$ cat work.cif   # mmCIF, C-alpha atoms and all ligand atoms
data_structure
#
loop_
_atom_site.label_atom_id
_atom_site.label_comp_id
_atom_site.auth_asym_id
_atom_site.auth_seq_id
_atom_site.Cartn_x
_atom_site.Cartn_y
_atom_site.Cartn_z
CA MET A 217 156.80 130.66 93.27
CA SER A 218 154.61 131.60 90.29
CA GLU A 219 156.85 133.33 87.74
CA LYS A 220 153.99 135.53 86.50
CA LYS A 221 153.22 138.68 88.48
CA GLN A 222 149.86 138.22 90.23
CA ILE A 223 147.44 141.16 90.08
CA ILE A 224 144.39 141.35 92.32
CA ILE A 225 141.39 142.94 90.59
CA THR A 226 138.64 143.88 93.02
CA GLY A 227 135.23 144.18 91.35
CA GLY A 228 136.72 142.13 88.52
CA THR A 229 133.34 140.89 87.22
CA GLY A 230 131.94 144.43 86.95
CA PHE A 231 131.77 146.52 83.79
CA ILE A 232 135.26 148.06 83.71
CA GLY A 233 136.78 145.42 85.99
CA SER A 234 135.88 142.53 83.68
CA HIS A 235 137.33 144.23 80.62
CA THR A 236 140.49 145.01 82.62
CA VAL A 237 140.85 141.33 83.63
CA VAL A 238 140.97 140.45 79.91
CA GLU A 239 143.64 143.06 79.14
CA VAL A 240 145.75 142.24 82.24
CA ILE A 241 145.89 138.57 81.24
CA LYS A 242 146.65 139.52 77.63
CA ALA A 243 149.61 141.57 78.92
CA GLY A 244 151.13 138.49 80.59
CA PHE A 245 150.02 138.93 84.20
CA ASP A 246 147.88 136.52 86.23
CA ALA A 247 144.57 138.18 87.22
CA ILE A 248 142.99 137.21 90.54
CA ILE A 249 139.42 138.43 91.02
CA PHE A 250 138.03 139.57 94.40
CA ASP A 251 134.30 140.00 93.83
CA ASP A 252 131.12 139.12 95.79
CA PHE A 253 128.87 139.67 92.74
CA ARG A 254 126.78 142.31 94.50
CA ASN A 255 126.72 144.31 91.25
CA SER A 256 127.36 141.60 88.62
CA LYS A 257 126.62 137.96 87.79
CA PRO A 258 128.71 134.79 88.39
CA TRP A 259 128.39 133.75 84.72
CA ILE A 260 130.63 136.70 83.81
CA LEU A 261 133.51 134.57 85.18
CA ASP A 262 132.76 131.87 82.57
CA ARG A 263 132.73 134.50 79.82
CA LEU A 264 136.09 135.87 81.05
CA GLU A 265 137.67 132.42 80.94
CA LYS A 266 136.21 131.89 77.46
CA ILE A 267 137.69 135.16 76.13
CA SER A 268 141.05 134.71 77.94
CA GLY A 269 141.39 130.99 77.21
CA CYS A 270 142.51 130.23 80.76
CA LYS A 271 141.18 129.52 84.22
CA ILE A 272 140.90 132.64 86.38
CA LYS A 273 141.25 132.46 90.17
CA HIS A 274 138.31 134.10 91.97
CA PHE A 275 137.59 134.77 95.64
CA ASP A 276 134.03 135.63 96.70
CA VAL A 277 135.06 138.30 99.21
CA ASP A 278 133.69 141.64 100.39
CA CYS A 279 136.51 144.21 100.20
CA ASN A 280 135.38 145.55 103.57
CA ASN A 281 136.34 142.18 105.09
CA TYR A 282 140.07 142.35 105.84
CA ASN A 283 140.24 138.84 107.32
CA ALA A 284 138.62 137.24 104.25
CA MET A 285 141.00 139.10 101.93
CA SER A 286 144.10 138.25 103.99
CA THR A 287 143.08 134.59 104.07
CA ALA A 288 142.89 134.68 100.27
CA LEU A 289 146.26 136.43 100.05
CA ASN A 290 147.88 133.82 102.31
CA SER A 291 147.05 131.25 99.63
CA LEU A 292 148.72 133.31 96.89
CA GLN A 293 152.31 134.10 95.92
CA ASN A 294 154.01 136.94 94.08
CA VAL A 295 151.09 139.36 94.33
CA THR A 296 152.56 142.54 92.89
CA GLY A 297 149.61 144.86 92.47
CA ILE A 298 145.98 145.62 93.18
CA ILE A 299 143.57 147.26 90.76
CA HIS A 300 140.73 148.45 92.96
CA PHE A 301 137.34 148.82 91.23
CA ALA A 302 134.98 147.49 93.90
CA ALA A 303 132.73 150.40 94.92
CA ASP A 304 129.20 151.73 94.63
CA LYS A 305 128.91 154.12 91.68
CA ALA A 306 125.34 155.34 91.17
CA VAL A 307 125.28 159.10 91.64
CA GLY A 308 121.52 159.28 92.24
CA GLU A 309 121.54 156.42 94.76
CA SER A 310 124.40 158.08 96.64
CA VAL A 311 122.24 161.18 97.20
CA LEU A 312 119.53 158.98 98.76
CA ASN A 313 121.96 156.85 100.79
CA PRO A 314 125.22 158.73 101.53
CA VAL A 315 126.14 156.54 104.52
CA LYS A 316 126.18 153.40 102.33
CA TYR A 317 128.52 155.16 99.89
CA TYR A 318 130.94 156.47 102.51
CA GLU A 319 130.95 153.15 104.39
CA ASN A 320 131.56 151.02 101.31
CA ASN A 321 133.68 153.19 99.03
CA ILE A 322 135.98 154.64 101.68
CA GLY A 323 135.74 151.66 104.05
CA SER A 324 136.82 149.15 101.43
CA LEU A 325 139.74 151.33 100.37
CA THR A 326 141.02 151.49 103.97
CA GLN A 327 141.05 147.67 104.05
CA ILE A 328 142.81 147.49 100.67
CA LEU A 329 145.50 149.91 101.89
CA LYS A 330 146.02 147.87 105.07
CA LEU A 331 146.29 144.73 102.95
CA ALA A 332 148.85 146.35 100.63
CA LYS A 333 150.97 147.39 103.60
CA ASP A 334 150.71 144.08 105.47
CA PHE A 335 151.47 141.97 102.37
CA GLU A 336 153.99 144.46 100.92
CA ILE A 337 152.02 144.88 97.69
CA GLU A 338 153.72 147.80 95.98
CA HIS A 339 151.39 148.84 93.15
CA LEU A 340 147.90 150.23 93.50
CA VAL A 341 145.78 151.37 90.56
CA PHE A 342 142.63 153.15 91.75
CA SER A 343 139.35 153.61 89.90
CA SER A 344 138.52 157.30 90.17
CA SER A 345 136.25 159.53 88.12
CA CYS A 346 136.01 162.88 86.33
CA THR A 347 133.23 163.56 88.81
CA VAL A 348 135.98 164.91 91.10
CA TYR A 349 136.03 168.03 88.88
CA GLY A 350 132.34 168.81 89.46
CA GLU A 351 131.15 171.55 87.08
CA PRO A 352 134.50 172.79 85.64
CA ALA A 353 135.05 176.45 84.73
CA SER A 354 136.15 175.27 81.26
CA PRO A 355 134.72 172.08 79.70
CA ILE A 356 138.22 170.74 78.82
CA VAL A 357 139.84 169.48 82.02
CA THR A 358 143.45 168.59 82.76
CA GLU A 359 144.74 166.90 85.94
CA GLU A 360 145.54 170.39 87.23
CA THR A 361 141.90 171.50 86.96
CA GLU A 362 140.54 172.51 90.35
CA ILE A 363 139.00 169.69 92.41
CA LYS A 364 135.79 171.33 93.51
CA LYS A 365 133.41 170.62 96.37
CA ALA A 366 131.64 167.38 95.49
CA THR A 367 128.20 167.61 93.86
CA SER A 368 127.17 164.17 95.19
CA PRO A 369 128.15 161.76 97.99
CA TYR A 370 129.50 159.45 95.25
CA GLY A 371 131.80 162.22 94.02
CA ALA A 372 132.77 163.08 97.60
CA THR A 373 133.90 159.49 98.20
CA LYS A 374 136.09 159.57 95.08
CA ILE A 375 137.74 162.80 96.26
CA ALA A 376 138.21 161.38 99.78
CA CYS A 377 139.66 158.14 98.41
CA GLU A 378 142.17 160.03 96.26
CA GLU A 379 143.24 162.06 99.30
CA LEU A 380 143.54 158.94 101.48
CA ILE A 381 145.75 157.25 98.87
CA GLN A 382 147.98 160.33 98.65
CA PHE A 383 148.44 160.31 102.46
CA ALA A 384 149.08 156.55 102.43
CA VAL A 385 151.82 156.98 99.81
CA GLN A 386 153.43 159.76 101.86
CA SER A 387 153.39 157.53 104.94
CA ASP A 388 154.38 154.26 103.30
CA GLN A 389 157.78 153.90 101.60
CA LYS A 390 156.66 151.08 99.38
CA LEU A 391 153.33 152.12 97.87
CA LYS A 392 153.19 153.37 94.28
CA ALA A 393 149.69 154.61 93.38
CA THR A 394 148.00 155.61 90.13
CA LEU A 395 144.63 157.36 90.21
CA LEU A 396 142.67 156.89 86.99
CA ARG A 397 139.92 159.47 86.45
CA TYR A 398 137.43 157.93 84.01
CA PHE A 399 135.23 160.08 81.85
CA ASN A 400 132.22 158.21 80.45
CA PRO A 401 132.94 154.53 79.81
CA ILE A 402 130.74 152.98 77.10
CA GLY A 403 130.76 150.03 74.73
CA ALA A 404 131.59 146.36 75.28
CA HIS A 405 134.19 143.76 74.38
CA PRO A 406 134.22 143.20 70.56
CA SER A 407 133.45 139.52 71.23
CA ALA A 408 130.08 140.59 72.76
CA GLU A 409 130.81 138.11 75.57
CA ILE A 410 131.08 140.83 78.25
CA GLY A 411 129.76 144.37 78.60
CA GLU A 412 127.77 146.71 80.82
CA LEU A 413 125.22 144.84 82.93
CA PRO A 414 123.31 147.41 85.01
CA GLN A 415 121.23 145.88 87.81
CA GLY A 416 117.70 147.29 87.52
CA ILE A 417 116.89 150.51 85.64
CA PRO A 418 120.08 151.88 84.06
CA ASN A 419 121.28 155.24 85.38
CA ASN A 420 123.66 155.75 82.47
CA LEU A 421 122.83 156.88 78.95
CA VAL A 422 124.19 154.10 76.72
CA PRO A 423 122.75 151.08 78.56
CA TYR A 424 119.41 152.92 78.65
CA ILE A 425 119.70 153.41 74.89
CA THR A 426 120.49 149.74 74.21
CA GLN A 427 117.68 148.52 76.51
CA THR A 428 115.26 150.87 74.72
CA ALA A 429 116.42 149.57 71.34
CA LYS A 430 115.88 146.02 72.62
CA GLY A 431 112.38 146.87 73.89
CA ILE A 432 113.21 146.34 77.57
CA ARG A 433 112.55 150.06 78.13
CA GLU A 434 109.63 151.81 76.43
CA GLN A 435 111.32 155.11 75.62
CA LEU A 436 114.52 157.02 76.38
CA THR A 437 114.12 160.44 77.98
CA VAL A 438 116.76 163.02 77.09
CA PHE A 439 117.29 164.98 80.30
CA GLY A 440 117.02 168.51 78.95
CA ASN A 441 117.87 170.22 75.66
CA ASP A 442 118.05 173.82 76.85
CA TYR A 443 121.69 173.87 77.97
CA GLU A 444 124.29 176.26 76.56
CA THR A 445 125.87 173.58 74.35
CA ILE A 446 126.17 172.72 70.65
CA ASP A 447 122.58 171.35 70.49
CA GLY A 448 121.22 172.10 73.96
CA THR A 449 122.00 168.67 75.43
CA ASN A 450 124.83 167.82 77.82
CA VAL A 451 128.29 167.04 76.41
CA ARG A 452 130.49 164.25 77.75
CA ASP A 453 133.72 162.43 76.80
CA TYR A 454 132.57 158.89 75.95
CA ILE A 455 135.47 156.41 75.99
CA HIS A 456 135.43 152.77 74.84
CA VAL A 457 135.67 150.46 77.87
CA VAL A 458 138.45 148.39 76.21
CA ASP A 459 140.57 151.54 75.77
CA LEU A 460 139.90 152.29 79.43
CA ALA A 461 140.94 148.75 80.42
CA ASP A 462 144.16 149.08 78.41
CA ALA A 463 145.02 152.24 80.35
CA HIS A 464 145.00 150.20 83.58
CA VAL A 465 147.59 147.83 82.12
CA LYS A 466 149.74 150.74 80.96
CA ALA A 467 149.47 152.32 84.44
CA LEU A 468 150.55 149.06 86.09
CA GLN A 469 153.47 148.58 83.69
CA ARG A 470 154.65 152.14 84.31
CA SER A 471 154.30 151.74 88.07
CA ILE A 472 156.39 148.55 88.04
CA LYS A 473 159.19 150.40 86.24
CA GLN A 474 159.27 153.24 88.80
CA GLU A 475 161.88 153.35 91.58
CA ALA A 476 160.52 155.90 94.01
CA ASN A 477 157.08 155.74 95.56
CA PHE A 478 154.58 158.10 93.89
CA CYS A 479 150.93 159.05 93.53
CA GLU A 480 149.87 160.26 90.08
CA ALA A 481 146.42 161.07 88.63
CA TYR A 482 145.48 160.65 84.96
CA ASN A 483 142.43 161.71 82.96
CA LEU A 484 141.19 158.85 80.82
CA GLY A 485 139.09 160.24 78.01
CA THR A 486 139.26 160.58 74.23
CA GLY A 487 139.76 164.36 74.36
CA LYS A 488 136.53 164.83 72.40
CA GLY A 489 133.07 165.82 73.64
CA SER A 490 129.83 164.34 72.29
CA SER A 491 126.31 165.56 73.06
CA VAL A 492 123.47 163.28 74.14
CA LEU A 493 121.72 163.78 70.78
CA GLU A 494 124.95 163.05 68.90
CA ILE A 495 125.25 159.76 70.79
CA ILE A 496 121.63 158.87 70.02
CA HIS A 497 121.93 159.71 66.32
CA THR A 498 125.26 157.89 66.00
CA PHE A 499 123.73 154.83 67.68
CA GLU A 500 120.85 154.90 65.20
CA GLU A 501 123.21 155.32 62.25
CA VAL A 502 125.77 152.61 63.04
CA ASN A 503 123.10 150.09 64.04
CA ASP A 504 120.62 151.07 61.33
CA LEU A 505 117.63 151.55 63.62
CA LYS A 506 115.35 154.29 64.97
CA LEU A 507 115.38 154.93 68.70
CA ASN A 508 112.23 155.90 70.59
CA TYR A 509 113.20 158.97 72.61
CA VAL A 510 111.64 162.13 73.96
CA ILE A 511 113.04 165.38 75.33
CA GLY A 512 112.26 165.71 79.05
CA ASP A 513 113.25 167.82 82.04
CA ARG A 514 116.81 168.35 83.16
CA ARG A 515 118.25 165.82 85.65
CA PRO A 516 119.34 167.62 88.85
CA GLY A 517 123.10 167.62 89.35
CA ASP A 518 124.03 167.05 85.72
CA VAL A 519 127.24 168.79 84.65
CA VAL A 520 126.59 170.87 81.50
CA GLN A 521 129.68 169.83 79.58
CA ILE A 522 133.02 168.19 80.36
CA TRP A 523 135.65 166.36 78.39
CA ALA A 524 139.25 165.35 78.99
CA ASP A 525 142.61 166.69 77.97
CA PRO A 526 144.25 163.22 77.96
CA SER A 527 147.76 164.40 77.02
CA LYS A 528 149.31 163.50 80.41
CA ALA A 529 148.15 159.87 80.07
CA ASN A 530 149.15 159.82 76.40
CA ASN A 531 152.67 161.05 77.18
CA GLU A 532 153.41 159.40 80.54
CA LEU A 533 151.56 156.08 80.15
CA GLY A 534 152.21 155.66 76.44
CA TRP A 535 148.45 155.16 76.13
CA SER A 536 145.97 156.34 73.52
CA CYS A 537 142.46 155.37 72.46
CA LYS A 538 142.17 152.85 69.65
CA TYR A 539 138.35 152.68 69.33
CA THR A 540 135.88 155.29 68.12
CA ILE A 541 132.46 156.24 69.44
CA LYS A 542 130.97 154.37 66.48
CA ASP A 543 132.88 151.22 67.49
CA ALA A 544 131.65 151.58 71.07
CA LEU A 545 128.00 152.03 70.06
CA LYS A 546 128.20 149.04 67.70
CA HIS A 547 129.81 146.88 70.38
CA SER A 548 127.28 147.94 73.04
CA TRP A 549 124.39 146.98 70.78
CA SER A 550 125.97 143.59 69.88
CA TRP A 551 126.49 142.91 73.59
CA GLU A 552 122.91 143.91 74.50
CA GLN A 553 121.58 141.44 71.92
CA ASN A 554 123.82 138.71 73.37
CA ILE A 555 122.49 138.98 76.94
CA ASP A 556 120.07 136.13 77.74
C1 LIG B 1 125.37 161.12 80.52
C2 LIG B 1 124.44 162.12 79.86
C3 LIG B 1 122.52 162.72 81.18
C4 LIG B 1 120.49 158.87 81.00
C5 LIG B 1 128.00 159.38 85.65
C6 LIG B 1 128.87 159.57 86.85
C7 LIG B 1 130.31 159.28 86.49
C8 LIG B 1 130.38 157.90 85.90
C9 LIG B 1 129.50 157.82 84.66
C10 LIG B 1 130.81 156.24 87.58
C11 LIG B 1 123.92 163.17 80.87
C12 LIG B 1 122.12 162.03 79.88
C13 LIG B 1 121.44 159.87 80.82
C14 LIG B 1 119.20 159.01 80.42
C15 LIG B 1 119.87 161.13 79.52
N1 LIG B 1 129.95 156.94 86.84
N2 LIG B 1 121.12 160.97 80.08
N3 LIG B 1 118.94 160.15 79.70
O1 LIG B 1 126.08 161.49 84.60
O2 LIG B 1 127.88 161.94 82.84
O3 LIG B 1 128.36 160.33 84.68
O4 LIG B 1 128.16 158.10 85.10
O5 LIG B 1 132.00 156.23 87.53
O6 LIG B 1 131.09 159.34 87.65
O7 LIG B 1 128.80 160.91 87.26
O8 LIG B 1 126.73 159.71 82.92
O9 LIG B 1 125.43 158.24 81.43
O10 LIG B 1 124.34 159.08 83.57
O11 LIG B 1 124.71 160.64 81.70
O12 LIG B 1 119.60 162.14 78.85
O13 LIG B 1 118.30 158.14 80.56
O14 LIG B 1 123.29 161.44 79.38
O15 LIG B 1 121.66 163.81 81.45
O16 LIG B 1 123.86 164.41 80.19
P1 LIG B 1 127.20 160.99 83.76
P2 LIG B 1 125.26 159.33 82.42
#

$ encode --input "work.cif" --output "structure tokens"
Amino acid sequence: MSEKKQIIITGGTGFIGSHTVVEVIKAGFDAIIFDDFRNSKPWILDRLEKISGCKIKHFDVDCNNYNAMSTALNSLQNVTGIIHFAADKAVGESVLNPVKYYENNIGSLTQILKLAKDFEIEHLVFSSSCTVYGEPASPIVTEETEIKKATSPYGATKIACEELIQFAVQSDQKLKATLLRYFNPIGAHPSAEIGELPQGIPNNLVPYITQTAKGIREQLTVFGNDYETIDGTNVRDYIHVVDLADAHVKALQRSIKQEANFCEAYNLGTGKGSSVLEIIHTFEEVNDLKLNYVIGDRRPGDVVQIWADPSKANNELGWSCKYTIKDALKHSWSWEQNID
């Protein structure tokens, strides 16, 4: 029997998943990756082993495939928890293809829950999103902020997945679940060995910025500057991906200490909002460059402004952010320059 607790990380070669693998190993667990590379590259595994200094077990499985996952689990021992990242996450794509998002995001979670029950895996940490809040009445959201009707199929799947997990906990004496609502993850590992690797044209702001700075993209378009905000552009809570990864370890450690079964949600943000123009200007300043950008039309569906009240996670998980926005924008640029 392996003395180290084994943690399955689905989507473990993705942006947040890969950074979480590093922190889980650093915390003394064994990380086992379930990933079919549909939204990442196999060489990320080599980078993860380089950073962690150890071999990392990986299974090339689709999380919708219960039989493949149970075959993998039959070869493992002492699997204590699952951190479930594997999902589709492009808001715009979800509007064009809602069936794909419901089938994959909700479908894979149903298989993960069956697996947890059948293999008596007690701890589940689930990758959720601030998108569940939609356009909040007040820009600062707590976990008690109203969960509104979804503004996209992607957001609808996150709300549905949270509800499914809550029902599963109520029905299953063993399951302890933590729902982590990410705000806007940015940055990269300080080693520049891993980071955000969008397939195709980036949907998100910071990878679009770094690809513009690198010359891959001609020009960044700022989607609107006529909003009721500090400078007319949208405001978001941008959180360093390593801080986000650390929160998953803290959530797991807290879950392992708990007696009763539970289902708790936590906002993972810095507690500070930054506008699009502030991010652009900070990127230019910390990396000593000029970015080619233009103000364009609004992007349909964009929330005007939202940032976290992270006090519940700070108090209950013993977690707080260590990195600044400047760190994140430096690290993202170093990573971008290190991609072949
Ligand atoms: C941030 C701001 C854009 C690109 C989404 C999901 C959320 C999470 C993170 C998965 C907005 C502006 C962007 C560009 C721009 N995803 N922008 N030009 O929309 O806040 O959140 O991604 O978990 O669930 O909803 O992030 O980075 O797309 O946009 O002006 O080329 O940057 O308008 O104001 P978003 P984003």

$ residues_near_point --input "work.cif" --point "(144.3, 160.2, 84.0)" --cutoff "6 Å" --atoms "all atoms listed in the file" --output "short mmCIF file (atom, residue, chain, number, x, y, z; two decimals) with C-alpha atoms, in the coordinates of the input"
data_model
loop_
_atom_site.label_atom_id
_atom_site.label_comp_id
_atom_site.auth_asym_id
_atom_site.auth_seq_id
_atom_site.Cartn_x
_atom_site.Cartn_y
_atom_site.Cartn_z
CA LEU A 396 142.67 156.89 86.99
CA ARG A 397 139.92 159.47 86.45
CA ALA A 481 146.42 161.07 88.63
CA TYR A 482 145.48 160.65 84.96
CA ASN A 483 142.43 161.71 82.96
CA LEU A 484 141.19 158.85 80.82
CA ALA A 529 148.15 159.87 80.07
#

$ closest_atom_pairs --input "work.cif" --of "chain A" --to "ligand LIG 1 (chain B)" --cutoff "6 Å" --atoms "all atoms listed in the file" --output "JSON lines"
{"residue": "A:Lys305", "atom": "CA", "partner": "B:LIG1", "partner_atom": "C10", "distance": 5.0}
{"residue": "A:Val307", "atom": "CA", "partner": "B:LIG1", "partner_atom": "O7", "distance": 5.9}
{"residue": "A:Ser345", "atom": "CA", "partner": "B:LIG1", "partner_atom": "O6", "distance": 5.2}
{"residue": "A:Thr347", "atom": "CA", "partner": "B:LIG1", "partner_atom": "O6", "distance": 4.9}
{"residue": "A:Asn400", "atom": "CA", "partner": "B:LIG1", "partner_atom": "C9", "distance": 5.0}
{"residue": "A:Asn419", "atom": "CA", "partner": "B:LIG1", "partner_atom": "O10", "distance": 5.2}
{"residue": "A:Asn420", "atom": "CA", "partner": "B:LIG1", "partner_atom": "O9", "distance": 3.2}
{"residue": "A:Leu421", "atom": "CA", "partner": "B:LIG1", "partner_atom": "C4", "distance": 3.7}
{"residue": "A:Tyr424", "atom": "CA", "partner": "B:LIG1", "partner_atom": "O13", "distance": 5.7}
{"residue": "A:Leu436", "atom": "CA", "partner": "B:LIG1", "partner_atom": "O13", "distance": 5.7}
{"residue": "A:Thr437", "atom": "CA", "partner": "B:LIG1", "partner_atom": "N3", "distance": 5.1}
{"residue": "A:Val438", "atom": "CA", "partner": "B:LIG1", "partner_atom": "O12", "distance": 3.5}
{"residue": "A:Phe439", "atom": "CA", "partner": "B:LIG1", "partner_atom": "O12", "distance": 3.9}
{"residue": "A:Asn450", "atom": "CA", "partner": "B:LIG1", "partner_atom": "O16", "distance": 4.3}
{"residue": "A:Val492", "atom": "CA", "partner": "B:LIG1", "partner_atom": "O14", "distance": 5.6}
{"residue": "A:Arg515", "atom": "CA", "partner": "B:LIG1", "partner_atom": "O15", "distance": 5.8}
{"residue": "A:Asp518", "atom": "CA", "partner": "B:LIG1", "partner_atom": "O15", "distance": 5.9}

$ closest_atom_pairs --input "work.cif" --of "range 350-462 of chain A" --to "range 266-287 of chain A" --cutoff "9 Å" --atoms "all atoms listed in the file" --output "tab-separated table"
residue	atom	partner	partner_atom	distance
A:Ser407	CA	A:Ile267	CA	7.8
A:Glu409	CA	A:Ile267	CA	7.5
A:Ile410	CA	A:Ile267	CA	9.0

$ closest_atom_pairs --input "work.cif" --of "range 467-487 of chain A" --to "range 218-236 of chain A" --cutoff "12 Å" --atoms "only C-alpha atoms" --output "CSV"
residue,atom,partner,partner_atom,distance
A:Ala467,CA,A:Thr236,CA,11.7
A:Leu468,CA,A:Ile223,CA,9.4
A:Gln469,CA,A:Lys221,CA,11.0
A:Ile472,CA,A:Lys221,CA,10.4

$ closest_atom_pairs --input "work.cif" --of "range 286-347 of chain A" --to "range 241-249 of chain A" --cutoff "10 Å" --atoms "only C-alpha atoms" --output "JSON lines"
{"residue": "A:Leu292", "atom": "CA", "partner": "A:Ile248", "partner_atom": "CA", "distance": 9.4}
{"residue": "A:Asn294", "atom": "CA", "partner": "A:Asp246", "partner_atom": "CA", "distance": 10.0}
{"residue": "A:Val295", "atom": "CA", "partner": "A:Asp246", "partner_atom": "CA", "distance": 9.2}
{"residue": "A:Thr296", "atom": "CA", "partner": "A:Phe245", "partner_atom": "CA", "distance": 9.7}
{"residue": "A:Gly297", "atom": "CA", "partner": "A:Ala247", "partner_atom": "CA", "distance": 9.9}
{"residue": "A:Ile298", "atom": "CA", "partner": "A:Ile248", "partner_atom": "CA", "distance": 9.3}
{"residue": "A:Ile299", "atom": "CA", "partner": "A:Ile249", "partner_atom": "CA", "distance": 9.8}

$ residues_around --input "work.cif" --residues "Val458 in chain A" --least-positions-apart "3" --cutoff "7 Å" --atoms "only C-alpha atoms" --output "list in words"
His235, His405, Ala461 and Asp462 of chain A

$ closest_residue --input "work.cif" --among "A:Val519, A:Val502, A:Leu507, A:Ala404" --to "Ala366 in chain A" --atoms "only C-alpha atoms"
A:Val519

$ residues_around --input "work.cif" --residues "Ser387 in chain A" --least-positions-apart "4" --cutoff "12 Å" --atoms "all atoms listed in the file" --output "ChimeraX atom specification"
/A:329,333,380-383,391-392,477-479

$ closest_residue --input "work.cif" --among "A:Gly308, A:Ala476, A:Gly485, A:Lys390" --to "Ile417 in chain A" --atoms "all atoms listed in the file"
A:Gly308

$ closest_residue --input "work.cif" --among "A:Trp551, A:Phe399, A:Phe335, A:Tyr509" --to "Leu493 in chain A" --atoms "all atoms listed in the file"
A:Tyr509

$ atom_distance --input "work.cif" --atom1 "CA of Phe499 in chain A" --atom2 "CA of Ser548 in chain A"
9.4 Å

$ closest_residue --input "work.cif" --among "A:Val520, A:Leu545, A:Val385, A:Val465" --to "Gly448 in chain A" --atoms "all atoms listed in the file"
A:Val520

$ closest_residue --input "work.cif" --among "A:Thr358, A:Ser471, A:Ser490, A:Ser343" --to "Pro526 in chain A" --atoms "only C-alpha atoms"
A:Thr358

$ closest_residue --input "work.cif" --among "A:Glu379, A:Glu475, A:Asp459, A:Asp442" --to "Val238 in chain A" --atoms "only C-alpha atoms"
A:Asp459

$ atom_distance --input "work.cif" --atom1 "CA of Lys473 in chain A" --atom2 "CA of Lys528 in chain A"
17.4 Å

$ residues_near_point --input "work.cif" --point "(127.6, 156.2, 68.2)" --cutoff "12 Å" --atoms "all atoms listed in the file" --output "PyMOL selection string"
chain A and resi 402-403+421-422+425-426+454-456+490-505+539-549

$ atom_distance --input "work.cif" --atom1 "CA of Glu360 in chain A" --atom2 "CA of Leu395 in chain A"
13.4 Å

$ residues_around --input "work.cif" --residues "range 368-371 of chain A" --least-positions-apart "3" --cutoff "7 Å" --atoms "all atoms listed in the file" --output "list of chain:residue names"
A:Lys305, A:Val307, A:Ser310, A:Val311, A:Pro314, A:Tyr317, A:Thr347, A:Val348, A:Lys374, A:Ile375
